[in-house]
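Working notes, beginning with the structure itself.
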Amino acid sequence: MKSIKVLAATVILLAVCTQPVLRVGALSDPSMALESVENEQADEVSDPGEDATPSGIPYEDLPGAMDAFVDERAATFASLSVEVFRGQETIYSRQAGYADIGNKVAADGNTVYEWASVSKLLIWVSVMQLFEQGKLDLDTDIREYLPDGFFRKLAYDEPITMIHLMNHNAGWQETVYDIEAEDHSGLVDPETALRRFEPAQAYRPGTVTAYSNWGSSLAAFIVQEVSGEEYVSYVHRHILEPLQMKHTSVSADLSDNQWVSEQRQKIKSYLITEDQFIELGTAQQFLMLYPAGAAIGTMDDMVIFAKALLADDGEGGPLFEKEETLALMKEPTSYFGDSGIARVCHGMWTLQYAADVMGHGGNTAFSANLMFEPISGLGVVIMANQAGETECNYGILSLLFGEYADNPRVKGIAFEDSKDLSGIYTQARTTVKGFSGINKYLGGLMPLAATEDSNQFQVQIAPGTLTKVGEHQYVLDNQSGWRYLMFESTNADGQTVLEMMSTDVIRENAAPFWLKTGSIILFILIVLASAVTLFVKLAALIIRKIRKRSNVSHSGPIRIMHTVLSLVNVSIGVLFFTLIILPMGTGSVKPVPSMLQCIAIGINSLISIVNAAILVRYWKQ
């Protein structure tokens, strides 16, 4: 199960990341997923008028358009729950497919889905509530709200504010160690979890956007410290209970809602691609940084929460006492470059279509999306029991909100041909410091190649195109329903940066990049050559034994040392792959084993160097 979060991130960013390998039992009858289950609620609940969605669909025609869209993609999902609303009025609601394909359990109103990272919206609403009460300032150094000496790995002596946490630009690299427990008995309290998994600060605060589950969970801990209530209790008392969200759990082990815990065992997760249909089982995770992604509930409950963020003008809604607080939450706190295009609004990410929308998406072994356009009040909630589902989770957004090329910001406005953006890009959301820094060069790469069209670039390791649509503005199409803005800028080191929703993607300077990746390749070649050498020596030894020939004349010190060197090289390679590379790829790196692994590899490396020096000495003699 440790590979699911890595897998989901891989699928959702097909045009950005290399794909890991997943080995689980495939379904015996994949065709079952293609069946259409008519358990939907597709009735039009209200008639909001004759006007149209930002994409141009008249509201009266929207239910039919949604039905057609979902039916056309029935083969791409296991189950899908979706609701479209405008303000407090529901326009379309439907549950389709199976919560459990093998047992033919149809999805319905009682089906619960993981919110995944949509859970973070509960954190940011909590923060804004405390801000409204004057208990928390968004621009104050957060160390004022934390125990003394809380941080151990800061690289910059600069203030870190709540706004930095909301914008995911406090500077932390990705967490190295596994943030999941095997079961509920392995869970720890939030403070212990944060201290245990603290990542290194790789970037100066406010300079680089790199999505951080750890930073978001830190914000939840601050909510706990400032309010004096445990985070789970706070969310229940100040969000779930006022909204009557009785079918949602927010604790890591679902212990705060018995009904949700029971319903969670009735749904399974799946991985569905063009050439794979894999059942992942119940795929329940026990996240130690649970505020960042552990909420689970029905679609109806998430819709209630979404509508609360769209309270009518002049009202603070059920979440806030003042309308100004709700309005402020929808104001930008981060922009794409110097464009004035909102990137983050107090923890809510923005996506750019014919109209700009805001909200949050999430991916674990499930996929979820909560997005709305604040001007028209049009919003949507989408939930699926599928890792990295984008056909519907993002395809529906295009259906409702149109294409960015039709946004008044770029439509009909001339722009110069694109500069050459070809090269290899790496994500800022990675590990840069420590032994896991190698991960930056093993995954999350986005190589771009020029095409005959000077304004279009091809992603080389996965389906995807990057097309210029305005000055410094490009749209990345992952060919699976997701099209999003990437804004071209330049960082302080002169590197080209493509700013996307959740992270900066940075073009690597050719020489340093190939020097580092070349050393990795050289290491692999040495290990392989040593393995071949050992195989040949072993084969020769067996042949000599069979022929009963003596080997005394060929067992001098040079040959002995060469054999030892080969053995050490192979052992280093095996240790490095099985104890570091493989755990990093599956998200199962443990702190203590990692330390022992590094020590073992260091000792073996020292032996290898000593053996090489001795060989050189003998060679000279």
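Chains: A, B, ... in order of the structure tokens. Residues: from 1 per chain. Ligands: from 1, in order shown.
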I'd like the neighbourhood of segment 485-490 of chain A as an MDAnalysis selection string, where a residue qualifies if any of its atoms comes within 7 Å (using only C-alpha atoms), though same-chain residues fewer than 3 positions away should be ignored. chainID A and resid 336:337 352 472:476 494:500
Write out, as a PDB file, in the first residue's frame, the residues just selected, with N, CA and C atoms.
ATOM      1  N   PHE A 336       1.110  33.786 -10.335  1.00  0.00           N
ATOM      2  CA  PHE A 336       2.023  33.212 -11.318  1.00  0.00           C
ATOM      3  C   PHE A 336       2.991  34.307 -11.759  1.00  0.00           C
ATOM      4  N   GLY A 337       4.254  34.171 -11.367  1.00  0.00           N
ATOM      5  CA  GLY A 337       5.253  35.160 -11.739  1.00  0.00           C
ATOM      6  C   GLY A 337       4.814  36.558 -11.356  1.00  0.00           C
ATOM      7  N   GLN A 352      -6.962  27.519 -14.437  1.00  0.00           N
ATOM      8  CA  GLN A 352      -7.348  28.519 -15.424  1.00  0.00           C
ATOM      9  C   GLN A 352      -8.047  27.860 -16.611  1.00  0.00           C
ATOM     10  N   HIS A 472       4.223  34.371 -21.954  1.00  0.00           N
ATOM     11  CA  HIS A 472       4.695  33.582 -20.811  1.00  0.00           C
ATOM     12  C   HIS A 472       3.682  32.533 -20.359  1.00  0.00           C
ATOM     13  N   GLN A 473       2.606  32.355 -21.098  1.00  0.00           N
ATOM     14  CA  GLN A 473       1.537  31.449 -20.671  1.00  0.00           C
ATOM     15  C   GLN A 473       1.432  30.256 -21.626  1.00  0.00           C
ATOM     16  N   TYR A 474       1.462  29.057 -21.030  1.00  0.00           N
ATOM     17  CA  TYR A 474       1.417  27.814 -21.785  1.00  0.00           C
ATOM     18  C   TYR A 474       0.366  26.897 -21.158  1.00  0.00           C
ATOM     19  N   VAL A 475      -0.175  26.012 -21.967  1.00  0.00           N
ATOM     20  CA  VAL A 475      -1.113  25.013 -21.466  1.00  0.00           C
ATOM     21  C   VAL A 475      -0.500  23.636 -21.668  1.00  0.00           C
ATOM     22  N   LEU A 476      -0.383  22.884 -20.575  1.00  0.00           N
ATOM     23  CA  LEU A 476       0.101  21.507 -20.650  1.00  0.00           C
ATOM     24  C   LEU A 476      -1.101  20.579 -20.721  1.00  0.00           C
ATOM     25  N   GLY A 494      18.965  32.294 -12.979  1.00  0.00           N
ATOM     26  CA  GLY A 494      18.879  32.391 -14.430  1.00  0.00           C
ATOM     27  C   GLY A 494      18.260  31.185 -15.099  1.00  0.00           C
ATOM     28  N   GLN A 495      17.698  30.267 -14.328  1.00  0.00           N
ATOM     29  CA  GLN A 495      17.075  29.076 -14.899  1.00  0.00           C
ATOM     30  C   GLN A 495      15.632  29.356 -15.303  1.00  0.00           C
ATOM     31  N   THR A 496      15.211  28.739 -16.397  1.00  0.00           N
ATOM     32  CA  THR A 496      13.815  28.835 -16.815  1.00  0.00           C
ATOM     33  C   THR A 496      12.953  28.016 -15.863  1.00  0.00           C
ATOM     34  N   VAL A 497      11.860  28.622 -15.422  1.00  0.00           N
ATOM     35  CA  VAL A 497      10.934  27.968 -14.499  1.00  0.00           C
ATOM     36  C   VAL A 497       9.553  27.930 -15.132  1.00  0.00           C
ATOM     37  N   LEU A 498       8.917  26.781 -15.102  1.00  0.00           N
ATOM     38  CA  LEU A 498       7.524  26.650 -15.510  1.00  0.00           C
ATOM     39  C   LEU A 498       6.703  26.480 -14.237  1.00  0.00           C
ATOM     40  N   GLU A 499       5.924  27.504 -13.909  1.00  0.00           N
ATOM     41  CA  GLU A 499       5.131  27.492 -12.685  1.00  0.00           C
ATOM     42  C   GLU A 499       3.776  26.853 -12.975  1.00  0.00           C
ATOM     43  N   MET A 500       3.482  25.759 -12.295  1.00  0.00           N
ATOM     44  CA  MET A 500       2.183  25.122 -12.440  1.00  0.00           C
ATOM     45  C   MET A 500       1.427  25.230 -11.119  1.00  0.00           C
TER      46      MET A 500
END
Can you tell me which residues surround segment 387-404 of chain A at a distance of at most 7 Å, considering only C-alpha atoms, apart from same-chain residues fewer than 6 positions away, and format the answer as JSON, numbers by chain? {"A": [8, 9, 11, 12, 53, 54, 55, 270, 271, 352, 353, 354, 355, 363, 364, 365, 366, 367, 368, 369, 480, 481, 482]}
Saved selection, atoms kept: N, CA and C atoms, as a CSV table (one decimal), in the first residue's frame:
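Ended up saving to selection_21.csv:
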chain,number,residue,atom,x,y,z
A,8,ALA,N,-0.4,7.3,-7.4
A,8,ALA,CA,-1.4,8.3,-7.7
A,8,ALA,C,-0.8,9.6,-8.2
A,9,ALA,N,0.3,10.1,-7.6
A,9,ALA,CA,1.0,11.3,-8.1
A,9,ALA,C,1.5,11.1,-9.5
A,11,VAL,N,0.3,9.0,-11.9
A,11,VAL,CA,-0.7,9.0,-12.9
A,11,VAL,C,-1.3,10.4,-13.1
A,12,ILE,N,-1.4,11.2,-12.0
A,12,ILE,CA,-2.0,12.5,-12.2
A,12,ILE,C,-1.1,13.4,-12.9
A,53,THR,N,-23.0,28.2,-18.8
A,53,THR,CA,-21.8,28.0,-18.0
A,53,THR,C,-20.6,28.8,-18.7
A,54,PRO,N,-19.5,29.0,-18.1
A,54,PRO,CA,-18.4,29.6,-18.7
A,54,PRO,C,-17.9,29.0,-20.0
A,55,SER,N,-18.2,27.7,-20.2
A,55,SER,CA,-17.9,26.9,-21.4
A,55,SER,C,-18.9,27.2,-22.5
A,270,TYR,N,-9.2,1.1,-7.4
A,270,TYR,CA,-8.7,0.5,-8.6
A,270,TYR,C,-7.7,1.5,-9.3
A,271,LEU,N,-6.9,0.8,-10.1
A,271,LEU,CA,-6.0,1.6,-11.1
A,271,LEU,C,-6.4,1.2,-12.5
A,352,GLN,N,-7.0,27.5,-14.4
A,352,GLN,CA,-7.3,28.5,-15.4
A,352,GLN,C,-8.0,27.9,-16.6
A,353,TYR,N,-9.3,28.2,-16.8
A,353,TYR,CA,-10.1,27.8,-18.0
A,353,TYR,C,-10.6,29.1,-18.7
A,354,ALA,N,-11.7,29.0,-19.3
A,354,ALA,CA,-12.3,30.2,-19.9
A,354,ALA,C,-12.6,31.2,-18.8
A,355,ALA,N,-12.9,30.6,-17.6
A,355,ALA,CA,-12.9,31.4,-16.3
A,355,ALA,C,-12.0,30.7,-15.3
A,363,ASN,N,-5.5,13.1,-4.4
A,363,ASN,CA,-5.2,11.8,-4.9
A,363,ASN,C,-4.5,10.9,-3.8
A,364,THR,N,-5.1,9.8,-3.5
A,364,THR,CA,-4.5,8.7,-2.8
A,364,THR,C,-4.8,7.5,-3.6
A,365,ALA,N,-5.4,6.5,-3.1
A,365,ALA,CA,-6.0,5.4,-3.9
A,365,ALA,C,-7.3,5.8,-4.4
A,366,PHE,N,-7.8,7.0,-4.1
A,366,PHE,CA,-9.0,7.6,-4.6
A,366,PHE,C,-8.6,9.0,-5.2
A,367,SER,N,-9.6,9.5,-6.0
A,367,SER,CA,-9.4,10.8,-6.6
A,367,SER,C,-10.6,11.7,-6.2
A,368,ALA,N,-10.3,13.0,-5.9
A,368,ALA,CA,-11.4,13.9,-5.6
A,368,ALA,C,-11.1,15.3,-6.1
A,369,ASN,N,-12.1,16.1,-6.3
A,369,ASN,CA,-12.0,17.4,-6.7
A,369,ASN,C,-13.1,18.3,-6.2
A,480,SER,N,-5.1,13.1,-21.0
A,480,SER,CA,-6.1,12.3,-20.2
A,480,SER,C,-7.1,13.1,-19.5
A,481,GLY,N,-7.5,14.2,-20.1
A,481,GLY,CA,-8.5,15.1,-19.5
A,481,GLY,C,-8.0,16.3,-18.7
A,482,TRP,N,-6.7,16.3,-18.4
A,482,TRP,CA,-6.2,17.5,-17.6
A,482,TRP,C,-5.4,18.4,-18.5
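Backbone DSSP over segment 29-139 of chain A gives strand (DSSP E or B) for A:Ala52, A:Pro58, A:Ser79, A:Leu80, A:Ser81, A:Val82, A:Glu83, A:Val84, A:Phe85, A:Arg86, A:Glu89, A:Thr90, A:Ile91, A:Tyr92, A:Ser93, A:Arg94, A:Gln95, A:Ala96, A:Gly97, A:Tyr98, A:Ala99, A:Asp100, A:Val105, A:Ala106, A:Val112, A:Tyr113, A:Glu114.
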Those same residues - N, CA and C atoms - I'd like them written as a CSV table (one decimal), in the first residue's frame.
chain,number,residue,atom,x,y,z
A,52,ALA,N,-25.7,30.6,-19.3
A,52,ALA,CA,-24.8,29.5,-19.6
A,52,ALA,C,-23.6,29.4,-18.7
A,58,PRO,N,-25.8,26.1,-22.1
A,58,PRO,CA,-27.0,26.6,-21.4
A,58,PRO,C,-27.2,25.8,-20.2
A,79,SER,N,-16.2,3.7,-10.2
A,79,SER,CA,-17.4,4.5,-9.8
A,79,SER,C,-17.1,5.9,-9.8
A,80,LEU,N,-18.1,6.7,-10.0
A,80,LEU,CA,-18.0,8.2,-10.1
A,80,LEU,C,-19.2,8.8,-9.4
A,81,SER,N,-18.9,9.7,-8.5
A,81,SER,CA,-20.0,10.5,-7.9
A,81,SER,C,-19.7,12.0,-8.2
A,82,VAL,N,-20.6,12.7,-8.8
A,82,VAL,CA,-20.4,14.0,-9.2
A,82,VAL,C,-21.7,14.9,-9.0
A,83,GLU,N,-21.5,16.1,-8.5
A,83,GLU,CA,-22.6,17.0,-8.3
A,83,GLU,C,-22.1,18.4,-8.8
A,84,VAL,N,-23.0,19.0,-9.6
A,84,VAL,CA,-22.7,20.4,-10.1
A,84,VAL,C,-23.8,21.3,-9.5
A,85,PHE,N,-23.3,22.5,-9.0
A,85,PHE,CA,-24.2,23.4,-8.3
A,85,PHE,C,-23.9,24.8,-8.7
A,86,ARG,N,-24.8,25.7,-8.5
A,86,ARG,CA,-24.6,27.1,-8.7
A,86,ARG,C,-25.1,27.8,-7.4
A,89,GLU,N,-27.9,26.1,-5.2
A,89,GLU,CA,-28.8,25.4,-6.0
A,89,GLU,C,-28.1,24.2,-6.7
A,90,THR,N,-28.6,23.0,-6.6
A,90,THR,CA,-28.0,21.9,-7.3
A,90,THR,C,-28.6,21.8,-8.7
A,91,ILE,N,-27.7,21.6,-9.7
A,91,ILE,CA,-28.1,21.5,-11.1
A,91,ILE,C,-28.1,20.1,-11.5
A,92,TYR,N,-27.1,19.3,-11.0
A,92,TYR,CA,-26.9,17.9,-11.5
A,92,TYR,C,-26.3,17.1,-10.4
A,93,SER,N,-26.8,15.9,-10.2
A,93,SER,CA,-26.1,15.0,-9.3
A,93,SER,C,-26.3,13.6,-9.8
A,94,ARG,N,-25.2,12.8,-9.6
A,94,ARG,CA,-25.2,11.5,-10.2
A,94,ARG,C,-24.1,10.6,-9.5
A,95,GLN,N,-24.5,9.4,-9.2
A,95,GLN,CA,-23.6,8.3,-8.8
A,95,GLN,C,-23.6,7.2,-9.9
A,96,ALA,N,-22.5,6.9,-10.4
A,96,ALA,CA,-22.5,5.8,-11.5
A,96,ALA,C,-21.3,4.9,-11.2
A,97,GLY,N,-21.5,3.6,-11.6
A,97,GLY,CA,-20.5,2.6,-11.5
A,97,GLY,C,-20.5,1.9,-10.2
A,98,TYR,N,-19.4,1.2,-9.9
A,98,TYR,CA,-19.4,0.2,-8.8
A,98,TYR,C,-18.4,0.7,-7.7
A,99,ALA,N,-18.9,0.6,-6.4
A,99,ALA,CA,-17.9,0.8,-5.3
A,99,ALA,C,-17.1,-0.4,-5.2
A,100,ASP,N,-17.6,-1.6,-5.5
A,100,ASP,CA,-16.9,-2.8,-5.5
A,100,ASP,C,-17.3,-3.6,-6.7
A,105,VAL,N,-21.2,-4.2,-6.0
A,105,VAL,CA,-21.8,-3.2,-5.1
A,105,VAL,C,-21.8,-1.9,-5.8
A,106,ALA,N,-23.0,-1.4,-6.1
A,106,ALA,CA,-23.2,-0.1,-6.8
A,106,ALA,C,-22.9,1.1,-5.9
A,112,VAL,N,-18.8,6.1,0.6
A,112,VAL,CA,-17.8,7.1,1.1
A,112,VAL,C,-16.5,7.0,0.3
A,113,TYR,N,-16.0,8.2,0.0
A,113,TYR,CA,-14.7,8.3,-0.7
A,113,TYR,C,-13.7,9.1,0.1
A,114,GLU,N,-12.5,8.8,-0.1
A,114,GLU,CA,-11.4,9.6,0.5
A,114,GLU,C,-11.3,11.0,-0.1
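Residue nearest Asn491 of chain A within the list A:Met245, A:Val208, A:Ala294, A:Ile546: A:Val208 [criterion: smallest interatomic distance, only C-alpha atoms].
With only C-alpha atoms as the atoms that count, the minimum distance from Asn509 of chain A to the choices A:Ser227, A:Asn167, A:Thr111, A:Ser422 is reached by A:Ser422.
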Among the residues of segment 61-185 of chain A, find those DSSP assigns to helix (DSSP H, G or I) from the backbone and print them as a PyMOL selection string. chain A and resi 61-72+74-76+116-132+142-145+162-167+184-185
Expected file contents, prior selection, C-alpha atoms, as a PDB file, in the first residue's frame:
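The resulting selection-v1.pdb:
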ATOM      1  CA  ASP A  61     -28.902  21.707 -21.234  1.00  0.00           C
ATOM      2  CA  LEU A  62     -26.243  20.952 -18.641  1.00  0.00           C
ATOM      3  CA  PRO A  63     -27.768  17.733 -17.180  1.00  0.00           C
ATOM      4  CA  GLY A  64     -27.888  16.172 -20.639  1.00  0.00           C
ATOM      5  CA  ALA A  65     -24.343  17.286 -21.417  1.00  0.00           C
ATOM      6  CA  MET A  66     -23.108  15.839 -18.126  1.00  0.00           C
ATOM      7  CA  ASP A  67     -24.883  12.529 -18.702  1.00  0.00           C
ATOM      8  CA  ALA A  68     -23.366  12.240 -22.165  1.00  0.00           C
ATOM      9  CA  PHE A  69     -19.893  13.040 -20.823  1.00  0.00           C
ATOM     10  CA  VAL A  70     -20.096  10.472 -18.012  1.00  0.00           C
ATOM     11  CA  ASP A  71     -21.624   7.742 -20.199  1.00  0.00           C
ATOM     12  CA  GLU A  72     -18.935   8.206 -22.841  1.00  0.00           C
ATOM     13  CA  ALA A  74     -17.914   4.764 -18.310  1.00  0.00           C
ATOM     14  CA  ALA A  75     -15.097   2.407 -19.287  1.00  0.00           C
ATOM     15  CA  THR A  76     -12.480   4.649 -17.681  1.00  0.00           C
ATOM     16  CA  ALA A 116      -7.294  12.949  -0.072  1.00  0.00           C
ATOM     17  CA  SER A 117      -5.734  16.427  -0.301  1.00  0.00           C
ATOM     18  CA  VAL A 118      -9.121  18.130  -0.481  1.00  0.00           C
ATOM     19  CA  SER A 119      -8.854  17.574   3.294  1.00  0.00           C
ATOM     20  CA  LYS A 120      -6.496  20.551   3.384  1.00  0.00           C
ATOM     21  CA  LEU A 121      -9.435  22.897   2.825  1.00  0.00           C
ATOM     22  CA  LEU A 122     -10.569  21.972   6.345  1.00  0.00           C
ATOM     23  CA  ILE A 123      -7.189  23.204   7.598  1.00  0.00           C
ATOM     24  CA  TRP A 124      -7.413  26.521   5.777  1.00  0.00           C
ATOM     25  CA  VAL A 125     -10.997  27.187   6.860  1.00  0.00           C
ATOM     26  CA  SER A 126      -9.907  26.505  10.452  1.00  0.00           C
ATOM     27  CA  VAL A 127      -7.019  28.939  10.054  1.00  0.00           C
ATOM     28  CA  MET A 128      -9.302  31.645   8.673  1.00  0.00           C
ATOM     29  CA  GLN A 129     -11.750  31.140  11.542  1.00  0.00           C
ATOM     30  CA  LEU A 130      -8.980  31.722  14.084  1.00  0.00           C
ATOM     31  CA  PHE A 131      -7.772  34.699  12.063  1.00  0.00           C
ATOM     32  CA  GLU A 132     -11.287  36.136  12.179  1.00  0.00           C
ATOM     33  CA  ILE A 142       4.702  30.856  12.970  1.00  0.00           C
ATOM     34  CA  ARG A 143       7.417  30.097  15.534  1.00  0.00           C
ATOM     35  CA  GLU A 144       5.437  32.339  17.880  1.00  0.00           C
ATOM     36  CA  TYR A 145       2.691  29.696  17.871  1.00  0.00           C
ATOM     37  CA  MET A 162       0.947  31.156   7.736  1.00  0.00           C
ATOM     38  CA  ILE A 163       0.711  32.696   4.264  1.00  0.00           C
ATOM     39  CA  HIS A 164       3.846  30.742   3.333  1.00  0.00           C
ATOM     40  CA  LEU A 165       2.171  27.540   4.515  1.00  0.00           C
ATOM     41  CA  MET A 166      -0.971  28.360   2.544  1.00  0.00           C
ATOM     42  CA  ASN A 167       1.096  29.091  -0.567  1.00  0.00           C
ATOM     43  CA  HIS A 184      -3.922   2.250  13.664  1.00  0.00           C
ATOM     44  CA  SER A 185      -1.576   0.993  16.403  1.00  0.00           C
TER      45      SER A 185
END
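What separates atom CA of Gly87 of chain A from atom CA of Glu373 of chain A is a distance of 9.8 Å.
From atom CA of Ile179 of chain A back to atom CA of Pro199 of chain A, the distance works out to 11.6 Å.
The shortest atom-to-atom distance to Asp301 of chain A, with only C-alpha atoms taken into account, belongs to A:Lys246 out of A:Lys246, A:Arg544, A:Lys411, A:Arg507.
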So, counting only C-alpha atoms, which residue among A:Ile375, A:Ala78, A:Tyr335, A:Met501 is closest to Ile278 of chain A? A:Ala78
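Residues surrounding Ala193 of chain A within 9 Å are Ile179, Leu187, Met288 and Leu289 of chain A [only C-alpha atoms; sequence separation below 6 positions excluded].
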For those residues, write C-alpha atoms to a file as a PDB file, in the first residue's frame.
ATOM      1  CA  ILE A 179       4.331   9.060   6.653  1.00  0.00           C
ATOM      2  CA  LEU A 187      -0.243   6.160  14.671  1.00  0.00           C
ATOM      3  CA  MET A 288       0.426  10.126  10.428  1.00  0.00           C
ATOM      4  CA  LEU A 289       0.218  13.581   8.823  1.00  0.00           C
TER       5      LEU A 289
END
